[in-house]
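Everything below concerns the one structure shown next.
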Amino acid sequence: MRLKNKLRQLFTPVIITAVLAIILSGTANLSALTEECNSFFTCFDKGYQAEAQEDKLVYFAKALKLWAPSDGASSKAVIYNNRGIAYQTLKKYGKAILEYGKAIQADPKDIDGYYNRGISYTALKQYAKALADYDKAIEIKPSGEYGPGQKGAAYSNRGVVYNHLKKYDKAIADFDSALSLDPKFAIAYINRANSYCYKKEYGKAIA
């Protein structure tokens with residue numbers, strides 16, 4: 001059984017802002033909330049389907065307690081990635097980074113831990129660390145693919161970091177790479193347009 005990471009929305013460019021409505025619940029009691037799940041996979045699935053981030057964390061905590069080596073290291077990495085995503089959604093970036101680090105330890109060849117951690121480092125303006133994580137993600141999977149089929153995602157996010165650092169030519173090169181992998185990658189077009197705006201190449205931005 002292959003577990004899934006909940007897709008993170010790609011980092012939007014500086015000019016474009018997105019508002020994420022987060023449904024918060026009170027801190028759930030671990031035993032009360034998870035009494036209906038009694039295996040690693042069922043607890044993971046309950047957490048994956050839960051709407052409230054705090055509930056996700058509770059289910060994932062029990063899943064980790066029930067995890068066994070026979071479930072596979074990659075499955076453990078997915079749990080840590082999803083815990084990181086929950087913390088990230090709650091804007092607890094430091095905790096998210098710790099979870100992604102655990103995911104990487106569990107499965108060093110899984111792109112998701114590096115990709116997700118890069119997002120948290122970007123949110124904290126720790127750009128050198130974000131670049132290092134995106135570099136590693138691309139090294140592992142040259143398509144820069146994150147999740148089920150989003151090719152070029154790591155390139156696009158790395159390009160956003162270069163925009164923050166005002167290295168616009170490098171940013172444009174990354175957006176070009178993303179678009180060569182997926183010509184319908186709309187966010188990469190938006191991000192590249194921002195780079196051209198910063199360079200005052202408005203005709204290219206409009207295109």
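Ligands are numbered from 1 in the order shown, chains are lettered A, B, ... in the order of the structure tokens, and residues start at 1 in each chain.
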
Exercise. Would you mind listing what lies within 10 Å of stretch 164-166 of chain A as a list in words, with only C-alpha atoms counted and same-chain residues fewer than 5 positions away left out?
Key: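 Non-adjacent residues within range: Pro13, Val14, Thr122, Lys125, Tyr127, Ala128, Arg158, Gly159, Ala171, Ser195, Tyr198 and Lys199 of chain A.
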
Exercise. Find the residues around A:Ile111 up to 9 Å (only C-alpha atoms counted), leave out those fewer than 5 positions away in its own chain, and share them as number ranges by chain.
Key: A: 104, 116, 134, 136-138, 140-141, 144-146

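Within the 6 Å cut-off around A:Ala103, using only C-alpha atoms and omitting residues fewer than 2 positions from it on the same chain, the listed residues are Ala77, Tyr80, Asn81, Tyr100, Gly101, Gln105, Ala106 and Gly113 of chain A.
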
Practice problem: Tell me, as an MDAnalysis selection string, which residues lie within 8 Å of A:Asn191, counting only C-alpha atoms; anything in the same chain fewer than 2 positions away does not count. | Solution: chainID A and resid 12:13 156 159:160 175 187:189 193:195

Could those residues be written to a file, using N, CA, C and O atoms, as a CSV table (one decimal), in the first residue's frame?
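Just written: part28.csv:
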chain,number,residue,atom,x,y,z
A,12,THR,N,3.4,30.8,-3.8
A,12,THR,CA,3.0,31.8,-4.7
A,12,THR,C,4.1,32.9,-4.8
A,12,THR,O,4.8,33.2,-3.8
A,13,PRO,N,4.2,33.7,-5.9
A,13,PRO,CA,5.2,34.7,-6.0
A,13,PRO,C,4.8,35.9,-5.1
A,13,PRO,O,3.7,36.0,-4.5
A,156,SER,N,10.3,25.4,-10.1
A,156,SER,CA,9.5,26.6,-9.9
A,156,SER,C,9.7,27.2,-8.5
A,156,SER,O,9.9,28.4,-8.4
A,159,GLY,N,13.1,28.8,-8.2
A,159,GLY,CA,13.0,30.0,-8.9
A,159,GLY,C,12.5,31.2,-8.1
A,159,GLY,O,12.9,32.3,-8.1
A,160,VAL,N,11.4,30.8,-7.3
A,160,VAL,CA,10.8,31.8,-6.4
A,160,VAL,C,11.9,32.3,-5.3
A,160,VAL,O,12.0,33.5,-5.0
A,175,PHE,N,12.3,28.7,-14.0
A,175,PHE,CA,11.0,28.7,-14.5
A,175,PHE,C,10.9,28.1,-15.9
A,175,PHE,O,10.0,27.4,-16.3
A,187,ILE,N,1.5,28.3,-12.6
A,187,ILE,CA,2.2,29.0,-11.6
A,187,ILE,C,3.6,29.4,-12.1
A,187,ILE,O,4.1,30.5,-11.8
A,188,ALA,N,4.2,28.5,-12.8
A,188,ALA,CA,5.6,28.8,-13.3
A,188,ALA,C,5.5,30.0,-14.3
A,188,ALA,O,6.5,30.9,-14.3
A,189,TYR,N,4.5,30.1,-15.1
A,189,TYR,CA,4.3,31.3,-16.0
A,189,TYR,C,4.2,32.6,-15.1
A,189,TYR,O,4.8,33.6,-15.4
A,193,ALA,N,6.8,35.7,-15.0
A,193,ALA,CA,6.3,37.0,-15.3
A,193,ALA,C,6.8,38.0,-14.2
A,193,ALA,O,7.2,39.1,-14.5
A,194,ASN,N,6.7,37.5,-13.0
A,194,ASN,CA,7.2,38.4,-11.9
A,194,ASN,C,8.7,38.7,-12.1
A,194,ASN,O,9.2,39.8,-11.9
A,195,SER,N,9.5,37.7,-12.5
A,195,SER,CA,10.9,37.9,-12.7
A,195,SER,C,11.1,39.0,-13.8
A,195,SER,O,12.0,39.9,-13.6

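Excluding A:Gln150 itself and any same-chain residue fewer than 3 positions from it, the protein and nucleic acid residues within 10 Å of it, counting only C-alpha atoms, are Leu7, Ser143, Gly144, Glu145, Tyr146, Gly147, Ala153, Ala154, Ala178, Leu181, Asp182 and Phe185 of chain A.
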
Exercise. Determine the nearest neighbour of A:Ile190 from the options A:Asp45, A:Gly94, A:Ile206, A:Glu54, counting only C-alpha atoms.
Key: A:Ile206

Self-check item: Point-to-point distance in Å for atom CA of A:Gln49 and atom CA of A:Tyr114
Solution: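 Between atom CA of A:Tyr114 and atom CA of A:Gln49 the gap is 23.6 Å.
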
Self-check item: Non-local contacts of A:Asp71 (12 Å; only C-alpha atoms; under 3 positions in same chain excluded) as a ChimeraX atom specification
Solution: /A:1-3,39-41,44,63-64,66-68,74-79

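You can rank A:Tyr59, A:Tyr87, A:Tyr93, A:Tyr155 by their closest distance to A:Ser177 using only C-alpha atoms, and at the top of that list sits A:Tyr155.
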
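Of note, atom CA of A:Glu36 and atom CA of A:Ala52 are spaced 17.4 Å apart.
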
Quiz item: Between A:Lys102, A:Val58, A:Asp133, A:Leu179, which one has atoms that come closest to A:Tyr115, using only C-alpha atoms?
Solution: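 Under the stated criterion, the closest residue is A:Asp133.
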
Exercise. Determine which residues of stretch 81-122 of chain A receive a DSSP assignment of alpha helix (DSSP H), computed from the backbone, and state them as a ChimeraX atom specification.
Key: /A:81-89,93-106,111-122

Quiz item: Nearest to A:Gly152: which of A:Arg83, A:Lys46, A:Lys200, A:Lys184 is it, counting only C-alpha atoms?
Solution: A:Lys184

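We find atom CA of A:Ile119 and atom CA of A:Gly47 to be spaced 21.7 Å apart.
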
Quiz prompt | For A:Lys129, the nearest of the candidates A:Ala205, A:Val161, A:Ala96, A:Leu57, counting only C-alpha atoms | solution =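 Smallest distance to A:Lys129 is found for A:Val161.
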